[in-house]
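Source file: input-v3.cif (mmCIF, N, CA and C atoms)
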```
data_structure
loop_
_atom_site.group_PDB
_atom_site.id
_atom_site.type_symbol
_atom_site.label_atom_id
_atom_site.label_comp_id
_atom_site.auth_asym_id
_atom_site.auth_seq_id
_atom_site.Cartn_x
_atom_site.Cartn_y
_atom_site.Cartn_z
ATOM 1 N N ARG Z 1 0.842 -1.192 0.000
ATOM 2 C CA ARG Z 1 0.000 0.000 0.000
ATOM 3 C C ARG Z 1 0.873 1.236 0.000
ATOM 4 N N ASP Z 2 0.444 2.217 -0.738
ATOM 5 C CA ASP Z 2 1.191 3.464 -0.838
ATOM 6 C C ASP Z 2 0.626 4.485 0.144
ATOM 7 N N PHE Z 3 1.441 4.885 1.105
ATOM 8 C CA PHE Z 3 0.993 5.858 2.102
ATOM 9 C C PHE Z 3 1.399 7.278 1.746
ATOM 10 N N ASP Z 4 2.254 7.424 0.765
ATOM 11 C CA ASP Z 4 2.718 8.757 0.373
ATOM 12 C C ASP Z 4 1.945 9.235 -0.854
ATOM 13 N N THR Z 5 0.659 9.490 -0.650
ATOM 14 C CA THR Z 5 -0.196 9.967 -1.737
ATOM 15 C C THR Z 5 -0.564 11.423 -1.482
ATOM 16 N N PRO Z 6 -0.972 12.146 -2.499
ATOM 17 C CA PRO Z 6 -1.416 13.531 -2.287
ATOM 18 C C PRO Z 6 -2.556 13.634 -1.271
ATOM 19 N N GLU Z 7 -3.452 12.644 -1.279
ATOM 20 C CA GLU Z 7 -4.560 12.658 -0.321
ATOM 21 C C GLU Z 7 -4.056 12.513 1.111
ATOM 22 N N HIS Z 8 -3.109 11.594 1.325
ATOM 23 C CA HIS Z 8 -2.551 11.398 2.665
ATOM 24 C C HIS Z 8 -1.785 12.635 3.125
ATOM 25 N N ARG Z 9 -1.037 13.250 2.216
ATOM 26 C CA ARG Z 9 -0.306 14.471 2.567
ATOM 27 C C ARG Z 9 -1.268 15.591 2.950
ATOM 28 N N ALA Z 10 -2.354 15.734 2.188
ATOM 29 C CA ALA Z 10 -3.341 16.778 2.490
ATOM 30 C C ALA Z 10 -3.977 16.537 3.850
ATOM 31 N N LEU Z 11 -4.310 15.286 4.151
ATOM 32 C CA LEU Z 11 -4.907 14.962 5.446
ATOM 33 C C LEU Z 11 -3.916 15.205 6.582
ATOM 34 N N ALA Z 12 -2.657 14.817 6.390
ATOM 35 C CA ALA Z 12 -1.636 15.039 7.419
ATOM 36 C C ALA Z 12 -1.433 16.526 7.660
ATOM 37 N N ARG Z 13 -1.429 17.309 6.594
ATOM 38 C CA ARG Z 13 -1.264 18.760 6.738
ATOM 39 C C ARG Z 13 -2.449 19.365 7.487
ATOM 40 N N GLU Z 14 -3.660 18.951 7.127
ATOM 41 C CA GLU Z 14 -4.852 19.468 7.811
ATOM 42 C C GLU Z 14 -4.825 19.116 9.296
ATOM 43 N N ALA Z 15 -4.447 17.883 9.617
ATOM 44 C CA ALA Z 15 -4.368 17.469 11.020
ATOM 45 C C ALA Z 15 -3.336 18.297 11.772
ATOM 46 N N ALA Z 16 -2.187 18.541 11.158
ATOM 47 C CA ALA Z 16 -1.143 19.344 11.806
ATOM 48 C C ALA Z 16 -1.609 20.776 12.012
ATOM 49 N N GLU Z 17 -2.284 21.346 11.017
ATOM 50 C CA GLU Z 17 -2.767 22.727 11.140
ATOM 51 C C GLU Z 17 -3.799 22.851 12.253
ATOM 52 N N GLN Z 18 -4.658 21.852 12.394
ATOM 53 C CA GLN Z 18 -5.691 21.907 13.421
ATOM 54 C C GLN Z 18 -5.143 21.602 14.811
ATOM 55 N N ALA Z 19 -3.967 20.985 14.887
ATOM 56 C CA ALA Z 19 -3.389 20.622 16.176
ATOM 57 C C ALA Z 19 -2.630 21.771 16.828
ATOM 58 N N VAL Z 20 -2.312 22.804 16.072
ATOM 59 C CA VAL Z 20 -1.549 23.929 16.605
ATOM 60 C C VAL Z 20 -2.443 24.766 17.512
ATOM 61 N N VAL Z 21 -1.911 25.130 18.663
ATOM 62 C CA VAL Z 21 -2.653 25.951 19.609
ATOM 63 C C VAL Z 21 -1.885 27.250 19.834
ATOM 64 N N LEU Z 22 -2.554 28.359 19.589
ATOM 65 C CA LEU Z 22 -1.964 29.668 19.844
ATOM 66 C C LEU Z 22 -2.513 30.149 21.178
ATOM 67 N N LEU Z 23 -1.653 30.297 22.159
ATOM 68 C CA LEU Z 23 -2.113 30.670 23.487
ATOM 69 C C LEU Z 23 -2.546 32.121 23.566
ATOM 70 N N LYS Z 24 -1.843 33.004 22.870
ATOM 71 C CA LYS Z 24 -2.203 34.410 22.903
ATOM 72 C C LYS Z 24 -1.700 35.076 21.631
ATOM 73 N N ASN Z 25 -2.558 35.836 20.987
ATOM 74 C CA ASN Z 25 -2.178 36.532 19.763
ATOM 75 C C ASN Z 25 -2.363 38.020 19.987
ATOM 76 N N ASP Z 26 -1.269 38.727 20.155
ATOM 77 C CA ASP Z 26 -1.312 40.183 20.341
ATOM 78 C C ASP Z 26 -1.132 40.892 19.006
ATOM 79 N N GLY Z 27 -1.846 40.437 17.999
ATOM 80 C CA GLY Z 27 -1.750 41.055 16.689
ATOM 81 C C GLY Z 27 -0.533 40.627 15.890
ATOM 82 N N VAL Z 28 0.168 39.607 16.353
ATOM 83 C CA VAL Z 28 1.366 39.139 15.660
ATOM 84 C C VAL Z 28 0.990 38.309 14.427
ATOM 85 N N LEU Z 29 -0.040 37.513 14.564
ATOM 86 C CA LEU Z 29 -0.463 36.649 13.463
ATOM 87 C C LEU Z 29 -1.786 37.119 12.892
ATOM 88 N N PRO Z 30 -2.044 36.975 11.637
ATOM 89 C CA PRO Z 30 -1.137 36.402 10.645
ATOM 90 C C PRO Z 30 -0.007 37.361 10.306
ATOM 91 N N SER Z 31 1.090 36.811 9.897
ATOM 92 C CA SER Z 31 2.268 37.612 9.551
ATOM 93 C C SER Z 31 2.028 38.367 8.253
ATOM 94 N N ALA Z 32 2.578 39.548 8.193
ATOM 95 C CA ALA Z 32 2.520 40.327 6.953
ATOM 96 C C ALA Z 32 3.367 39.623 5.897
ATOM 97 N N PRO Z 33 2.981 39.715 4.631
ATOM 98 C CA PRO Z 33 3.744 39.037 3.574
ATOM 99 C C PRO Z 33 5.212 39.456 3.513
ATOM 100 N N ASP Z 34 5.521 40.679 3.925
ATOM 101 C CA ASP Z 34 6.904 41.156 3.866
ATOM 102 C C ASP Z 34 7.591 41.139 5.231
ATOM 103 N N ALA Z 35 7.050 40.362 6.169
ATOM 104 C CA ALA Z 35 7.599 40.306 7.528
ATOM 105 C C ALA Z 35 9.006 39.719 7.531
ATOM 106 N N ARG Z 36 9.784 40.153 8.516
ATOM 107 C CA ARG Z 36 11.095 39.564 8.782
ATOM 108 C C ARG Z 36 10.951 38.749 10.059
ATOM 109 N N VAL Z 37 11.638 37.615 10.124
ATOM 110 C CA VAL Z 37 11.489 36.690 11.240
ATOM 111 C C VAL Z 37 12.856 36.415 11.853
ATOM 112 N N ALA Z 38 12.920 36.467 13.184
ATOM 113 C CA ALA Z 38 14.132 36.091 13.907
ATOM 114 C C ALA Z 38 13.875 34.761 14.605
ATOM 115 N N VAL Z 39 14.794 33.836 14.442
ATOM 116 C CA VAL Z 39 14.685 32.516 15.050
ATOM 117 C C VAL Z 39 15.915 32.321 15.921
ATOM 118 N N VAL Z 40 15.699 32.046 17.201
ATOM 119 C CA VAL Z 40 16.811 31.887 18.133
ATOM 120 C C VAL Z 40 16.659 30.553 18.852
ATOM 121 N N GLY Z 41 17.702 29.755 18.837
ATOM 122 C CA GLY Z 41 17.682 28.505 19.580
ATOM 123 C C GLY Z 41 18.353 27.377 18.822
ATOM 124 N N LEU Z 42 19.043 26.535 19.561
ATOM 125 C CA LEU Z 42 19.800 25.435 18.969
ATOM 126 C C LEU Z 42 18.924 24.435 18.229
ATOM 127 N N LEU Z 43 17.683 24.263 18.656
ATOM 128 C CA LEU Z 43 16.846 23.226 18.072
ATOM 129 C C LEU Z 43 16.045 23.688 16.863
ATOM 130 N N ALA Z 44 16.167 24.935 16.474
ATOM 131 C CA ALA Z 44 15.389 25.450 15.344
ATOM 132 C C ALA Z 44 15.732 24.735 14.044
ATOM 133 N N ASP Z 45 16.946 24.241 13.922
ATOM 134 C CA ASP Z 45 17.356 23.563 12.697
ATOM 135 C C ASP Z 45 17.543 22.068 12.927
ATOM 136 N N GLU Z 46 16.772 21.517 13.837
ATOM 137 C CA GLU Z 46 16.819 20.085 14.145
ATOM 138 C C GLU Z 46 15.436 19.480 13.931
ATOM 139 N N CYS Z 47 15.410 18.284 13.389
ATOM 140 C CA CYS Z 47 14.158 17.543 13.241
ATOM 141 C C CYS Z 47 14.167 16.468 14.316
ATOM 142 N N LYS Z 48 13.453 16.707 15.377
ATOM 143 C CA LYS Z 48 13.461 15.787 16.506
ATOM 144 C C LYS Z 48 12.444 14.670 16.295
ATOM 145 N N LEU Z 49 12.890 13.458 16.507
ATOM 146 C CA LEU Z 49 12.040 12.286 16.365
ATOM 147 C C LEU Z 49 12.021 11.539 17.683
ATOM 148 N N ASP Z 50 10.955 10.782 17.900
ATOM 149 C CA ASP Z 50 10.903 9.935 19.084
ATOM 150 C C ASP Z 50 10.423 8.547 18.661
ATOM 151 N N TRP Z 51 10.134 7.711 19.623
ATOM 152 C CA TRP Z 51 9.743 6.337 19.330
ATOM 153 C C TRP Z 51 8.462 6.255 18.500
ATOM 154 N N TYR Z 52 7.620 7.269 18.585
ATOM 155 C CA TYR Z 52 6.326 7.226 17.912
ATOM 156 C C TYR Z 52 6.334 7.935 16.563
ATOM 157 N N SER Z 53 7.463 8.416 16.116
ATOM 158 C CA SER Z 53 7.533 9.166 14.863
ATOM 159 C C SER Z 53 7.394 8.284 13.633
ATOM 160 N N GLY Z 54 7.803 7.055 13.737
ATOM 161 C CA GLY Z 54 7.783 6.203 12.564
ATOM 162 C C GLY Z 54 8.870 6.617 11.592
ATOM 163 N N THR Z 55 8.758 6.160 10.371
ATOM 164 C CA THR Z 55 9.705 6.517 9.329
ATOM 165 C C THR Z 55 9.113 7.652 8.516
ATOM 166 N N LEU Z 56 9.727 8.805 8.576
ATOM 167 C CA LEU Z 56 9.211 9.965 7.865
ATOM 168 C C LEU Z 56 9.745 9.990 6.443
ATOM 169 N N ILE Z 57 8.848 10.143 5.497
ATOM 170 C CA ILE Z 57 9.252 10.220 4.097
ATOM 171 C C ILE Z 57 9.833 11.598 3.808
ATOM 172 N N HIS Z 58 9.173 12.618 4.327
ATOM 173 C CA HIS Z 58 9.626 13.995 4.139
ATOM 174 C C HIS Z 58 9.842 14.605 5.518
ATOM 175 N N ARG Z 59 11.039 15.082 5.774
ATOM 176 C CA ARG Z 59 11.351 15.705 7.058
ATOM 177 C C ARG Z 59 11.770 17.139 6.818
ATOM 178 N N SER Z 60 11.376 18.007 7.722
ATOM 179 C CA SER Z 60 11.860 19.384 7.661
ATOM 180 C C SER Z 60 11.947 19.922 9.077
ATOM 181 N N THR Z 61 12.796 20.892 9.255
ATOM 182 C CA THR Z 61 12.968 21.517 10.560
ATOM 183 C C THR Z 61 12.102 22.773 10.620
ATOM 184 N N PRO Z 62 11.855 23.291 11.822
ATOM 185 C CA PRO Z 62 11.123 24.560 11.911
ATOM 186 C C PRO Z 62 11.795 25.664 11.093
ATOM 187 N N LEU Z 63 13.114 25.713 11.123
ATOM 188 C CA LEU Z 63 13.840 26.739 10.374
ATOM 189 C C LEU Z 63 13.625 26.588 8.867
ATOM 190 N N GLU Z 64 13.666 25.361 8.370
ATOM 191 C CA GLU Z 64 13.414 25.127 6.946
ATOM 192 C C GLU Z 64 12.009 25.575 6.553
ATOM 193 N N GLY Z 65 11.037 25.322 7.425
ATOM 194 C CA GLY Z 65 9.672 25.758 7.150
ATOM 195 C C GLY Z 65 9.557 27.267 7.075
ATOM 196 N N LEU Z 66 10.258 27.964 7.951
ATOM 197 C CA LEU Z 66 10.237 29.427 7.920
ATOM 198 C C LEU Z 66 10.952 29.965 6.687
ATOM 199 N N TYR Z 67 12.051 29.329 6.293
ATOM 200 C CA TYR Z 67 12.727 29.722 5.050
ATOM 201 C C TYR Z 67 11.777 29.569 3.863
ATOM 202 N N GLU Z 68 11.044 28.463 3.851
ATOM 203 C CA GLU Z 68 10.112 28.213 2.747
ATOM 204 C C GLU Z 68 8.985 29.244 2.730
ATOM 205 N N ARG Z 69 8.466 29.581 3.895
ATOM 206 C CA ARG Z 69 7.331 30.510 3.983
ATOM 207 C C ARG Z 69 7.735 31.958 3.698
ATOM 208 N N PHE Z 70 8.839 32.411 4.309
ATOM 209 C CA PHE Z 70 9.220 33.818 4.227
ATOM 210 C C PHE Z 70 10.361 34.098 3.255
ATOM 211 N N GLY Z 71 11.137 33.080 2.911
ATOM 212 C CA GLY Z 71 12.331 33.266 2.094
ATOM 213 C C GLY Z 71 13.544 33.439 2.990
ATOM 214 N N ALA Z 72 14.649 32.836 2.597
ATOM 215 C CA ALA Z 72 15.861 32.856 3.423
ATOM 216 C C ALA Z 72 16.380 34.262 3.669
ATOM 217 N N ASP Z 73 16.092 35.186 2.764
ATOM 218 C CA ASP Z 73 16.575 36.556 2.936
ATOM 219 C C ASP Z 73 15.819 37.319 4.020
ATOM 220 N N ARG Z 74 14.661 36.800 4.457
ATOM 221 C CA ARG Z 74 13.875 37.490 5.488
ATOM 222 C C ARG Z 74 13.854 36.730 6.814
ATOM 223 N N VAL Z 75 14.647 35.675 6.925
ATOM 224 C CA VAL Z 75 14.726 34.901 8.164
ATOM 225 C C VAL Z 75 16.146 34.986 8.699
ATOM 226 N N SER Z 76 16.281 35.438 9.934
ATOM 227 C CA SER Z 76 17.588 35.503 10.597
ATOM 228 C C SER Z 76 17.635 34.423 11.664
ATOM 229 N N PHE Z 77 18.689 33.636 11.668
ATOM 230 C CA PHE Z 77 18.832 32.542 12.618
ATOM 231 C C PHE Z 77 20.084 32.725 13.458
ATOM 232 N N ALA Z 78 19.948 32.515 14.760
ATOM 233 C CA ALA Z 78 21.090 32.540 15.677
ATOM 234 C C ALA Z 78 20.919 31.408 16.679
ATOM 235 N N GLU Z 79 22.009 30.725 16.986
ATOM 236 C CA GLU Z 79 21.938 29.644 17.969
ATOM 237 C C GLU Z 79 21.573 30.173 19.349
ATOM 238 N N GLY Z 80 21.987 31.384 19.659
ATOM 239 C CA GLY Z 80 21.598 32.001 20.920
ATOM 240 C C GLY Z 80 22.401 31.569 22.128
ATOM 241 N N VAL Z 81 23.412 30.749 21.922
ATOM 242 C CA VAL Z 81 24.212 30.280 23.040
ATOM 243 C C VAL Z 81 25.611 29.940 22.515
ATOM 244 N N ASP Z 82 26.572 30.086 23.373
ATOM 245 C CA ASP Z 82 27.941 29.731 23.023
ATOM 246 C C ASP Z 82 28.136 28.250 23.349
ATOM 247 N N ARG Z 83 28.164 27.406 22.331
ATOM 248 C CA ARG Z 83 28.286 25.959 22.551
ATOM 249 C C ARG Z 83 29.591 25.593 23.250
ATOM 250 N N VAL Z 84 30.635 26.341 22.999
ATOM 251 C CA VAL Z 84 31.927 26.035 23.608
ATOM 252 C C VAL Z 84 31.854 26.211 25.122
ATOM 253 N N ARG Z 85 31.150 27.245 25.579
ATOM 254 C CA ARG Z 85 31.039 27.489 27.023
ATOM 255 C C ARG Z 85 30.159 26.466 27.709
ATOM 256 N N LEU Z 86 29.241 25.855 26.964
ATOM 257 C CA LEU Z 86 28.375 24.856 27.584
ATOM 258 C C LEU Z 86 29.215 23.716 28.096
#
```

What does the file become when written as structure tokens?
Amino acid sequence: RDFDTPEHRALAREAAEQAVVLLKNDGVLPSAPDARVAVVGLLADECKLDWYSGTLIHRSTPLEGLYERFGADRVSFAEGVDRVRL
């Protein structure tokens, strides 16, 4: 059986969109089309998996998703910590 179909992808995307919870929106969302985004944190460019993740056909990190949405020229990324000092 083929699980990587356009229908399955659409359903997975819809489920993910409905699962997101925004605790408070002070006018930040939706983002303006020309918005600039700052991303800070070591895990922004990591795709974390656990025992229940299964085998992912397509993987992306939060940072990759923001690059895709806003364009790499409008996304600034910083690790936010000195790894050597850790």

#### Entry: Residues in the PyMOL selection byres (((chain Z and resi 68-81 and name CA) around 7) and name CA), expressed as a PyMOL selection string
chain Z and resi 36-42+64-67+82-83

### Message
Just to confirm, what's the straight-line distance from atom CA of Z:Arg1 to atom CA of Z:Gly54 in Å (one decimal)?
### Response
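Rounded to one decimal, the two atoms are 16.0 Å apart.
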
### Query
DSSP says strand (DSSP E or B) for which residues of chain Z? Put them as a ChimeraX atom specification?
/Z:37-40,75-78

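Note that atom N of Z:Ala32 and atom CA of Z:Ala16 are 20.9 Å apart.
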
### Query
Which value, in Å to one decimal, gives the distance between atom CA of Z:Ala10 and atom CA of Z:Ile57?
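Computing the Euclidean distance for atom CA of Z:Ala10 and atom CA of Z:Ile57 yields 14.3 Å.
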
Might I get the box with edges along x, y and z of the file that holds all atoms of stretch 65-82 of chain Z listed there, padded by 8 Å on every side, given as centre and edge lengths in Å to one decimal, as AutoDock Vina command-line options?
```
--center_x 17.7 --center_y 31.4 --center_z 12.7 --size_x 36.8 --size_y 28.2 --size_z 37.3
```

### Task
Write out as number ranges by chain all residues of stretch 13-78 of chain Z that DSSP puts in alpha helix (DSSP H) for this structure's backbone.
Z: 13-19, 62-70

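Using all atoms listed in the file, the nearest neighbour of Z:Thr61 within the list Z:Leu29, Z:Ala44, Z:Leu49, Z:Val21 is Z:Ala44.
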